[in-house]
file entry35.txt (compact mmCIF, C-alpha atoms and all ligand atoms)
# COMPACT_ATOMS: atom_id res chain seq x y z
CA MET A 1 -27.17 -12.55 -17.02
CA THR A 2 -29.30 -15.65 -17.21
CA ASP A 3 -31.89 -15.45 -14.50
CA ALA A 4 -33.00 -18.33 -12.32
CA SER A 5 -36.11 -18.42 -10.17
CA GLN A 6 -35.54 -17.64 -6.52
CA PRO A 7 -31.98 -18.94 -6.26
CA ASP A 8 -31.68 -18.32 -2.52
CA THR A 9 -34.67 -20.17 -1.15
CA GLY A 10 -34.69 -23.93 -0.85
CA LEU A 11 -34.55 -26.52 -3.62
CA SER A 12 -37.35 -27.11 -6.10
CA ASP A 13 -38.54 -30.58 -7.12
CA ASP A 14 -36.60 -30.21 -10.37
CA GLU A 15 -33.46 -29.37 -8.42
CA LEU A 16 -33.95 -32.24 -5.97
CA LEU A 17 -34.02 -34.60 -8.96
CA ARG A 18 -31.11 -32.95 -10.77
CA TYR A 19 -28.86 -32.97 -7.71
CA SER A 20 -30.02 -36.30 -6.27
CA ARG A 21 -26.52 -37.84 -6.41
CA HIS A 22 -25.26 -34.99 -4.25
CA ILE A 23 -28.21 -35.18 -1.87
CA LEU A 24 -27.72 -38.95 -1.51
CA HIS A 25 -24.04 -38.30 -0.64
CA PRO A 26 -23.91 -38.36 3.18
CA GLY A 27 -21.14 -35.74 3.15
CA ILE A 28 -23.24 -33.28 1.12
CA ASP A 29 -26.96 -33.89 1.72
CA TYR A 30 -29.66 -31.20 1.32
CA GLU A 31 -27.75 -28.64 3.37
CA GLY A 32 -24.62 -29.02 1.29
CA GLN A 33 -26.58 -28.61 -1.95
CA LEU A 34 -28.20 -25.49 -0.54
CA ALA A 35 -24.73 -24.13 0.30
CA LEU A 36 -23.73 -24.67 -3.35
CA LYS A 37 -26.90 -22.94 -4.53
CA GLN A 38 -26.17 -19.93 -2.35
CA GLY A 39 -22.55 -19.76 -3.56
CA ARG A 40 -21.34 -16.78 -5.58
CA VAL A 41 -18.17 -17.66 -7.44
CA ALA A 42 -15.93 -15.62 -9.75
CA ILE A 43 -13.92 -17.52 -12.36
CA VAL A 44 -11.00 -15.52 -13.73
CA GLY A 45 -10.10 -16.83 -17.18
CA ALA A 46 -12.31 -18.87 -19.53
CA GLY A 47 -9.51 -21.00 -20.95
CA GLY A 48 -8.24 -24.53 -20.44
CA LEU A 49 -8.70 -24.38 -16.65
CA GLY A 50 -11.72 -22.09 -16.50
CA CYS A 51 -13.84 -24.14 -18.91
CA PRO A 52 -13.84 -27.42 -16.97
CA ALA A 53 -13.92 -25.65 -13.59
CA ALA A 54 -16.95 -23.58 -14.60
CA MET A 55 -18.74 -26.51 -16.22
CA TYR A 56 -18.36 -28.71 -13.14
CA LEU A 57 -19.47 -25.91 -10.82
CA ALA A 58 -22.47 -25.18 -13.06
CA ALA A 59 -23.41 -28.86 -13.19
CA SER A 60 -22.93 -29.08 -9.41
CA GLY A 61 -25.50 -26.34 -8.89
CA VAL A 62 -23.39 -23.40 -7.70
CA GLY A 63 -26.01 -20.66 -7.76
CA SER A 64 -24.05 -17.74 -9.21
CA LEU A 65 -21.07 -17.87 -11.56
CA THR A 66 -19.33 -14.79 -12.98
CA ILE A 67 -16.85 -15.40 -15.80
CA PHE A 68 -14.08 -12.85 -16.49
CA ASP A 69 -12.16 -13.00 -19.79
CA ASP A 70 -11.21 -10.34 -22.33
CA ASP A 71 -10.29 -12.77 -25.11
CA SER A 72 -12.13 -14.34 -28.06
CA VAL A 73 -12.28 -18.00 -29.07
CA GLU A 74 -9.63 -19.06 -31.59
CA ALA A 75 -9.21 -22.34 -33.46
CA SER A 76 -6.08 -23.18 -31.44
CA ASN A 77 -8.13 -23.00 -28.20
CA LEU A 78 -10.39 -25.91 -29.14
CA GLN A 79 -7.68 -28.52 -28.43
CA ARG A 80 -8.29 -28.06 -24.68
CA GLN A 81 -10.89 -25.37 -23.90
CA ILE A 82 -13.83 -27.75 -23.75
CA GLY A 83 -16.49 -25.14 -23.11
CA PHE A 84 -16.31 -24.10 -26.77
CA THR A 85 -17.13 -25.63 -30.15
CA SER A 86 -16.06 -24.68 -33.67
CA VAL A 87 -19.07 -22.40 -34.11
CA ASP A 88 -17.86 -20.26 -31.18
CA ILE A 89 -14.70 -19.10 -33.02
CA GLY A 90 -14.59 -15.32 -32.93
CA GLN A 91 -17.04 -15.03 -30.03
CA ALA A 92 -16.06 -13.51 -26.68
CA LYS A 93 -14.94 -16.40 -24.46
CA ALA A 94 -16.80 -15.14 -21.39
CA GLU A 95 -20.07 -14.90 -23.33
CA ALA A 96 -19.66 -18.21 -25.16
CA LEU A 97 -18.85 -20.04 -21.93
CA CYS A 98 -21.83 -18.48 -20.13
CA ALA A 99 -24.11 -19.66 -22.95
CA ARG A 100 -22.74 -23.17 -22.49
CA LEU A 101 -23.23 -23.01 -18.71
CA SER A 102 -26.83 -21.80 -19.06
CA ALA A 103 -27.58 -24.68 -21.44
CA LEU A 104 -25.98 -27.09 -18.99
CA ASN A 105 -27.96 -25.84 -15.99
CA PRO A 106 -30.86 -23.36 -16.32
CA HIS A 107 -31.26 -23.26 -12.52
CA ILE A 108 -28.14 -21.12 -11.97
CA ARG A 109 -27.32 -17.48 -12.68
CA VAL A 110 -24.36 -16.76 -14.94
CA GLN A 111 -22.77 -13.44 -15.79
CA SER A 112 -20.06 -12.70 -18.34
CA VAL A 113 -17.55 -9.88 -17.93
CA VAL A 114 -15.62 -9.32 -21.16
CA SER A 115 -12.56 -7.79 -19.51
CA ARG A 116 -9.69 -8.80 -17.31
CA PHE A 117 -10.44 -9.16 -13.60
CA THR A 118 -9.63 -6.02 -11.63
CA GLU A 119 -10.69 -4.67 -8.26
CA ALA A 120 -13.03 -2.34 -10.16
CA THR A 121 -14.82 -5.18 -11.98
CA GLY A 122 -15.24 -7.31 -8.86
CA ALA A 123 -17.07 -5.65 -5.98
CA PRO A 124 -16.34 -7.07 -2.50
CA GLU A 125 -19.87 -8.23 -1.81
CA ASP A 126 -20.14 -10.02 -5.13
CA PHE A 127 -18.19 -13.20 -4.43
CA ASP A 128 -17.76 -15.85 -1.78
CA LEU A 129 -14.85 -17.34 -3.68
CA VAL A 130 -12.54 -16.62 -6.63
CA LEU A 131 -11.02 -19.24 -8.94
CA ASP A 132 -7.84 -18.07 -10.64
CA CYS A 133 -7.79 -19.85 -14.00
CA SER A 134 -5.71 -17.16 -15.72
CA ASP A 135 -2.54 -17.64 -17.74
CA ASN A 136 -0.40 -14.65 -16.73
CA PHE A 137 1.28 -13.47 -13.54
CA ALA A 138 0.01 -9.90 -13.74
CA THR A 139 -3.58 -11.15 -13.42
CA ARG A 140 -2.59 -13.69 -10.77
CA ALA A 141 -0.95 -10.97 -8.68
CA GLY A 142 -4.01 -8.73 -9.03
CA VAL A 143 -6.41 -11.51 -8.10
CA ASN A 144 -4.32 -12.33 -5.03
CA LYS A 145 -4.28 -8.71 -3.86
CA PHE A 146 -8.05 -8.52 -4.32
CA CYS A 147 -8.63 -11.72 -2.35
CA VAL A 148 -6.29 -10.73 0.49
CA SER A 149 -7.66 -7.19 0.83
CA ARG A 150 -11.32 -8.31 0.66
CA ARG A 151 -10.72 -11.56 2.61
CA VAL A 152 -12.17 -13.74 -0.13
CA PRO A 153 -10.92 -17.36 -0.48
CA LEU A 154 -8.90 -18.11 -3.62
CA VAL A 155 -8.45 -21.39 -5.49
CA SER A 156 -5.46 -21.13 -7.81
CA GLY A 157 -4.58 -23.53 -10.62
CA ALA A 158 -1.87 -23.64 -13.26
CA ALA A 159 -0.80 -26.06 -15.99
CA ILE A 160 2.00 -26.21 -18.52
CA ARG A 161 3.25 -29.03 -20.79
CA ASN A 162 2.77 -32.17 -18.61
CA GLU A 163 2.72 -30.50 -15.17
CA GLY A 164 0.06 -28.85 -13.07
CA GLN A 165 -0.29 -27.07 -9.72
CA LEU A 166 -3.17 -26.43 -7.34
CA CYS A 167 -3.41 -24.33 -4.19
CA VAL A 168 -6.15 -22.97 -1.90
CA PHE A 169 -5.77 -19.72 0.06
CA ASP A 170 -8.13 -18.25 2.65
CA SER A 171 -7.15 -14.91 4.12
CA ARG A 172 -10.11 -15.07 6.52
CA VAL A 173 -8.03 -17.62 8.46
CA GLU A 174 -5.53 -15.98 10.83
CA GLY A 175 -1.93 -16.68 9.79
CA SER A 176 -2.96 -18.11 6.43
CA ALA A 177 -0.52 -17.67 3.54
CA CYS A 178 -1.35 -15.98 0.25
CA TYR A 179 -0.26 -16.55 -3.36
CA HIS A 180 2.55 -14.00 -2.96
CA CYS A 181 3.89 -15.81 0.14
CA LEU A 182 4.34 -18.87 -2.05
CA TYR A 183 5.52 -17.43 -5.35
CA GLY A 184 6.88 -13.95 -4.55
CA ASP A 185 7.25 -11.30 -7.21
CA LEU A 186 6.99 -13.42 -10.32
CA ASP A 187 6.49 -11.71 -13.64
CA GLU A 188 6.40 -12.68 -17.29
CA SER A 189 10.13 -12.03 -17.67
CA GLY A 190 11.08 -14.04 -14.60
CA GLY A 191 10.96 -17.48 -16.15
CA ALA A 192 7.21 -17.59 -16.51
CA ALA A 193 5.98 -19.91 -19.22
CA ASN A 194 2.55 -20.03 -20.78
CA CYS A 195 0.75 -22.44 -23.03
CA ALA A 196 1.15 -20.24 -26.09
CA GLU A 197 4.92 -20.53 -25.82
CA SER A 198 5.42 -23.94 -24.25
CA GLY A 199 2.39 -26.04 -25.13
CA VAL A 200 0.20 -28.08 -22.81
CA LEU A 201 -1.33 -31.54 -22.88
CA SER A 202 -5.08 -31.16 -23.42
CA PRO A 203 -6.45 -33.40 -20.63
CA LEU A 204 -3.90 -32.04 -18.15
CA VAL A 205 -5.79 -28.73 -17.94
CA GLY A 206 -8.97 -30.77 -17.41
CA VAL A 207 -7.37 -32.51 -14.42
CA ILE A 208 -6.30 -29.24 -12.79
CA GLY A 209 -9.54 -27.40 -13.65
CA ALA A 210 -11.59 -30.24 -12.18
CA LEU A 211 -9.44 -30.18 -9.04
CA GLN A 212 -10.13 -26.45 -8.75
CA ALA A 213 -13.85 -27.22 -8.93
CA VAL A 214 -13.47 -29.88 -6.22
CA GLU A 215 -11.72 -27.41 -3.92
CA ALA A 216 -14.32 -24.73 -4.72
CA THR A 217 -17.14 -26.98 -3.53
CA LYS A 218 -15.19 -27.68 -0.32
CA VAL A 219 -14.80 -23.93 0.31
CA LEU A 220 -18.56 -23.44 -0.20
CA PHE A 221 -19.25 -26.35 2.17
CA GLY A 222 -16.84 -24.77 4.68
CA ARG A 223 -14.72 -27.93 4.70
CA HIS A 224 -11.47 -26.77 3.15
CA GLN A 225 -9.32 -26.41 6.27
CA ASP A 226 -7.16 -29.40 5.29
CA SER A 227 -6.45 -27.77 1.93
CA LEU A 228 -4.74 -24.65 3.33
CA GLY A 229 -0.94 -24.42 3.41
CA LYS A 230 -0.51 -27.16 0.81
CA LEU A 231 0.70 -26.98 -2.79
CA LEU A 232 -0.39 -29.94 -4.92
CA LEU A 233 1.92 -30.78 -7.82
CA TYR A 234 0.82 -33.16 -10.60
CA ASP A 235 3.43 -34.67 -12.90
CA ALA A 236 1.63 -36.53 -15.70
CA THR A 237 4.89 -37.94 -17.10
CA GLY A 238 5.91 -39.61 -13.84
CA VAL A 239 2.33 -40.38 -12.73
CA LEU A 240 3.01 -38.45 -9.53
CA PHE A 241 0.88 -36.37 -7.20
CA ARG A 242 3.00 -34.62 -4.57
CA THR A 243 1.98 -32.24 -1.79
CA LEU A 244 4.38 -29.61 -0.45
CA ARG A 245 3.62 -27.68 2.72
CA PHE A 246 4.24 -23.97 3.10
CA SER A 247 3.38 -21.23 5.59
CA GLN A 248 2.76 -17.50 5.64
CA ASP A 249 5.74 -15.24 4.96
CA PRO A 250 5.66 -12.67 7.80
CA GLU A 251 7.50 -10.28 5.47
CA CYS A 252 5.02 -10.78 2.62
CA ALA A 253 4.35 -7.49 0.85
CA VAL A 254 0.71 -8.46 0.29
CA CYS A 255 -0.49 -10.22 3.45
CA GLY A 256 2.36 -9.78 5.97
CA ASN A 257 1.85 -7.92 9.24
CA THR A 258 4.48 -5.34 8.35
CA PRO A 259 4.29 -4.95 4.59
CA SER A 260 7.27 -3.17 3.10
CA PRO A 261 7.45 -1.71 -0.39
CA ARG A 262 9.44 -3.72 -2.88
CA PRO A 263 12.07 -2.01 -5.04
ZN ZN B 301 1.30 -13.36 1.59
call {"tool": "encode", "arguments": {"input": "entry35.txt", "output": "structure tokens"}}
result
Amino acid sequence: MTDASQPDTGLSDDELLRYSRHILHPGIDYEGQLALKQGRVAIVGAGGLGCPAAMYLAASGVGSLTIFDDDSVEASNLQRQIGFTSVDIGQAKAEALCARLSALNPHIRVQSVVSRFTEATGAPEDFDLVLDCSDNFATRAGVNKFCVSRRVPLVSGAAIRNEGQLCVFDSRVEGSACYHCLYGDLDESGGAANCAESGVLSPLVGVIGALQAVEATKVLFGRHQDSLGKLLLYDATGVLFRTLRFSQDPECAVCGNTPSPRP
């Protein structure tokens, strides 16, 4: 962990200068910057989505970032995973990204966890928010169960080829849907595609990762109500942003009122 001095109390002169474009923003101001500083965010996956999301949140001044990833940097990652450089090849992604974040902003605390996110690795009091930047449905399902059971907001992003998706869930809000309400029991054999098999346009993951960072700041500001119940779809080929609305599935096995075991 990279320590920062007194992260929970006010903003220093150095921080007031660093974050001046936030503090000048009438929708953020000093109070908003303090909310970012007090934020404790988990980022699951240090890949194409996690790198830009983490870098924007670090630059924004989110006070505590914990990066989960069990993988190491490979040459084929460098096409899109902008938190890494050629000298990082072979290093643990979580550790290499944390080093980059600390260099970017020494005022924040960063922690690397070189393993996949599980309920055991993420204690309930640790996070105000989780960003799912993973690339497999097993992790996505586990992250969703964690967030529903612990009532932690979740910002989920995904990207493949020329298409991306973004969604915000908040199980603290009565009647709010979860990831499982929207996608059901998806698994790797159920038509799931990943970048290793299907490819992805480099800047597309930057778009979706940056959108995840935008939504994360809104959650920390407490101004994300308009984001709930909406699925944002980005089609780079057609230059289209579309928003689909959805609602909680009362039969949902994860968040429904009467959960029933699935076969
Ligand atoms: Zn649900």
call {"tool": "atom_distance", "arguments": {"input": "entry35.txt", "atom1": "atom CA of A:Gly83", "atom2": "atom CA of A:Ala159"}}
result
17.3 Å
call {"tool": "residues_near_ligand", "arguments": {"input": "entry35.txt", "ligand": "ligand ZN 301 (chain B)", "cutoff": "9 Å", "atoms": "all atoms listed in the file", "output": "PyMOL selection string"}}
result
chain A and resi 144+148+171+176-182+184+248-256
call {"tool": "closest_residue", "arguments": {"input": "entry35.txt", "among": "A:Asp185, A:Asp71, A:Asp14, A:Asp170", "to": "A:Asp226", "atoms": "only C-alpha atoms"}}
result
A:Asp170
call {"tool": "atom_distance", "arguments": {"input": "entry35.txt", "atom1": "atom CA of A:Leu220", "atom2": "atom CA of A:Glu119"}}
result
21.9 Å
call {"tool": "closest_atom_pairs", "arguments": {"input": "entry35.txt", "of": "stretch 80-145 of chain A", "to": "stretch 41-52 of chain A", "cutoff": "6 Å", "atoms": "only C-alpha atoms", "output": "JSON lines"}}
result
{"residue": "A:Arg80", "atom": "CA", "partner": "A:Gly48", "partner_atom": "CA", "distance": 5.5}
{"residue": "A:Gln81", "atom": "CA", "partner": "A:Gly48", "partner_atom": "CA", "distance": 4.4}
{"residue": "A:Gly83", "atom": "CA", "partner": "A:Cys51", "partner_atom": "CA", "distance": 5.1}
{"residue": "A:Phe127", "atom": "CA", "partner": "A:Val41", "partner_atom": "CA", "distance": 5.4}
{"residue": "A:Asp128", "atom": "CA", "partner": "A:Val41", "partner_atom": "CA", "distance": 6.0}
{"residue": "A:Leu129", "atom": "CA", "partner": "A:Val41", "partner_atom": "CA", "distance": 5.0}
{"residue": "A:Val130", "atom": "CA", "partner": "A:Ala42", "partner_atom": "CA", "distance": 4.7}
{"residue": "A:Leu131", "atom": "CA", "partner": "A:Ile43", "partner_atom": "CA", "distance": 4.8}
{"residue": "A:Asp132", "atom": "CA", "partner": "A:Val44", "partner_atom": "CA", "distance": 5.1}
{"residue": "A:Cys133", "atom": "CA", "partner": "A:Gly45", "partner_atom": "CA", "distance": 5.0}
{"residue": "A:Ser134", "atom": "CA", "partner": "A:Gly45", "partner_atom": "CA", "distance": 4.6}
call {"tool": "atom_distance", "arguments": {"input": "entry35.txt", "atom1": "atom CA of A:Gly238", "atom2": "atom CA of A:Glu163"}}
result
9.7 Å
call {"tool": "residues_around", "arguments": {"input": "entry35.txt", "residues": "stretch 97-108 of chain A", "least_positions_apart": "5", "cutoff": "10 Å", "atoms": "all atoms listed in the file", "output": "count of residues only"}}
result
42
call {"tool": "build_atoms", "arguments": {"input": "entry35.txt", "residues": "stretch 19-30 of chain A", "atoms": "all heavy atoms", "output": "tab-separated table (two decimals), keeping the file's coordinate frame"}}
result
chain	number	residue	atom	x	y	z
A	19	TYR	N	-30.01	-32.85	-8.62
A	19	TYR	CA	-28.86	-32.97	-7.71
A	19	TYR	C	-28.96	-34.18	-6.79
A	19	TYR	O	-28.31	-34.23	-5.75
A	19	TYR	CB	-28.74	-31.69	-6.87
A	19	TYR	CG	-28.69	-30.41	-7.68
A	19	TYR	CD1	-29.55	-29.37	-7.41
A	19	TYR	CD2	-27.77	-30.26	-8.71
A	19	TYR	CE1	-29.52	-28.19	-8.15
A	19	TYR	CE2	-27.73	-29.09	-9.47
A	19	TYR	CZ	-28.61	-28.06	-9.18
A	19	TYR	OH	-28.57	-26.90	-9.91
A	20	SER	N	-29.75	-35.18	-7.19
A	20	SER	CA	-30.02	-36.30	-6.27
A	20	SER	C	-28.75	-37.05	-5.87
A	20	SER	O	-28.65	-37.53	-4.74
A	20	SER	CB	-31.02	-37.27	-6.91
A	20	SER	OG	-30.53	-37.78	-8.13
A	21	ARG	N	-27.74	-37.11	-6.78
A	21	ARG	CA	-26.52	-37.84	-6.41
A	21	ARG	C	-25.67	-37.06	-5.41
A	21	ARG	O	-24.80	-37.62	-4.77
A	21	ARG	CB	-25.71	-38.19	-7.65
A	21	ARG	CG	-26.42	-39.08	-8.64
A	21	ARG	CD	-26.95	-40.37	-7.99
A	21	ARG	NE	-27.51	-41.27	-8.99
A	21	ARG	CZ	-28.77	-41.24	-9.43
A	21	ARG	NH1	-29.62	-40.35	-8.95
A	21	ARG	NH2	-29.19	-42.11	-10.33
A	22	HIS	N	-25.87	-35.77	-5.33
A	22	HIS	CA	-25.26	-34.99	-4.25
A	22	HIS	C	-26.04	-35.19	-2.95
A	22	HIS	O	-25.46	-35.36	-1.88
A	22	HIS	CB	-25.28	-33.49	-4.59
A	22	HIS	CG	-24.07	-33.01	-5.31
A	22	HIS	ND1	-23.98	-31.75	-5.86
A	22	HIS	CD2	-22.88	-33.62	-5.57
A	22	HIS	CE1	-22.81	-31.60	-6.44
A	22	HIS	NE2	-22.12	-32.71	-6.29
A	23	ILE	N	-27.37	-35.14	-3.07
A	23	ILE	CA	-28.21	-35.18	-1.87
A	23	ILE	C	-28.14	-36.56	-1.21
A	23	ILE	O	-28.22	-36.69	0.01
A	23	ILE	CB	-29.65	-34.76	-2.24
A	23	ILE	CG1	-29.63	-33.28	-2.64
A	23	ILE	CG2	-30.61	-34.99	-1.08
A	23	ILE	CD1	-30.85	-32.79	-3.37
A	24	LEU	N	-27.91	-37.60	-2.04
A	24	LEU	CA	-27.72	-38.95	-1.51
A	24	LEU	C	-26.36	-39.11	-0.83
A	24	LEU	O	-26.15	-40.00	-0.01
A	24	LEU	CB	-27.82	-39.98	-2.65
A	24	LEU	CG	-29.22	-40.25	-3.19
A	24	LEU	CD1	-29.12	-41.03	-4.51
A	24	LEU	CD2	-30.04	-41.03	-2.18
A	25	HIS	N	-25.41	-38.25	-1.19
A	25	HIS	CA	-24.04	-38.30	-0.64
A	25	HIS	C	-24.10	-37.85	0.82
A	25	HIS	O	-24.47	-36.70	1.09
A	25	HIS	CB	-23.17	-37.36	-1.48
A	25	HIS	CG	-21.72	-37.37	-1.16
A	25	HIS	ND1	-21.21	-37.55	0.11
A	25	HIS	CD2	-20.65	-37.20	-1.96
A	25	HIS	CE1	-19.90	-37.48	0.07
A	25	HIS	NE2	-19.54	-37.28	-1.19
A	26	PRO	N	-23.75	-38.73	1.77
A	26	PRO	CA	-23.91	-38.36	3.18
A	26	PRO	C	-23.05	-37.17	3.60
A	26	PRO	O	-23.36	-36.49	4.57
A	26	PRO	CB	-23.49	-39.64	3.93
A	26	PRO	CG	-22.71	-40.43	2.94
A	26	PRO	CD	-23.24	-40.09	1.59
A	27	GLY	N	-21.98	-36.88	2.83
A	27	GLY	CA	-21.14	-35.74	3.15
A	27	GLY	C	-21.64	-34.43	2.56
A	27	GLY	O	-21.05	-33.37	2.80
A	28	ILE	N	-22.69	-34.49	1.76
A	28	ILE	CA	-23.24	-33.28	1.12
A	28	ILE	C	-24.66	-33.03	1.62
A	28	ILE	O	-24.94	-32.06	2.29
A	28	ILE	CB	-23.19	-33.38	-0.41
A	28	ILE	CG1	-21.73	-33.57	-0.89
A	28	ILE	CG2	-23.79	-32.12	-1.04
A	28	ILE	CD1	-21.60	-33.77	-2.39
A	29	ASP	N	-25.58	-33.95	1.22
A	29	ASP	CA	-26.96	-33.89	1.72
A	29	ASP	C	-27.67	-32.61	1.23
A	29	ASP	O	-27.14	-31.86	0.42
A	29	ASP	CB	-26.96	-33.97	3.24
A	29	ASP	CG	-28.23	-34.62	3.79
A	29	ASP	OD1	-29.29	-34.53	3.14
A	29	ASP	OD2	-28.15	-35.22	4.87
A	30	TYR	N	-28.86	-32.38	1.72
A	30	TYR	CA	-29.66	-31.20	1.32
A	30	TYR	C	-28.95	-29.91	1.69
A	30	TYR	O	-28.90	-28.95	0.90
A	30	TYR	CB	-31.03	-31.28	1.99
A	30	TYR	CG	-32.00	-30.20	1.58
A	30	TYR	CD1	-32.91	-30.41	0.54
A	30	TYR	CD2	-32.01	-28.97	2.22
A	30	TYR	CE1	-33.81	-29.43	0.16
A	30	TYR	CE2	-32.90	-27.98	1.85
A	30	TYR	CZ	-33.79	-28.22	0.81
A	30	TYR	OH	-34.67	-27.22	0.44
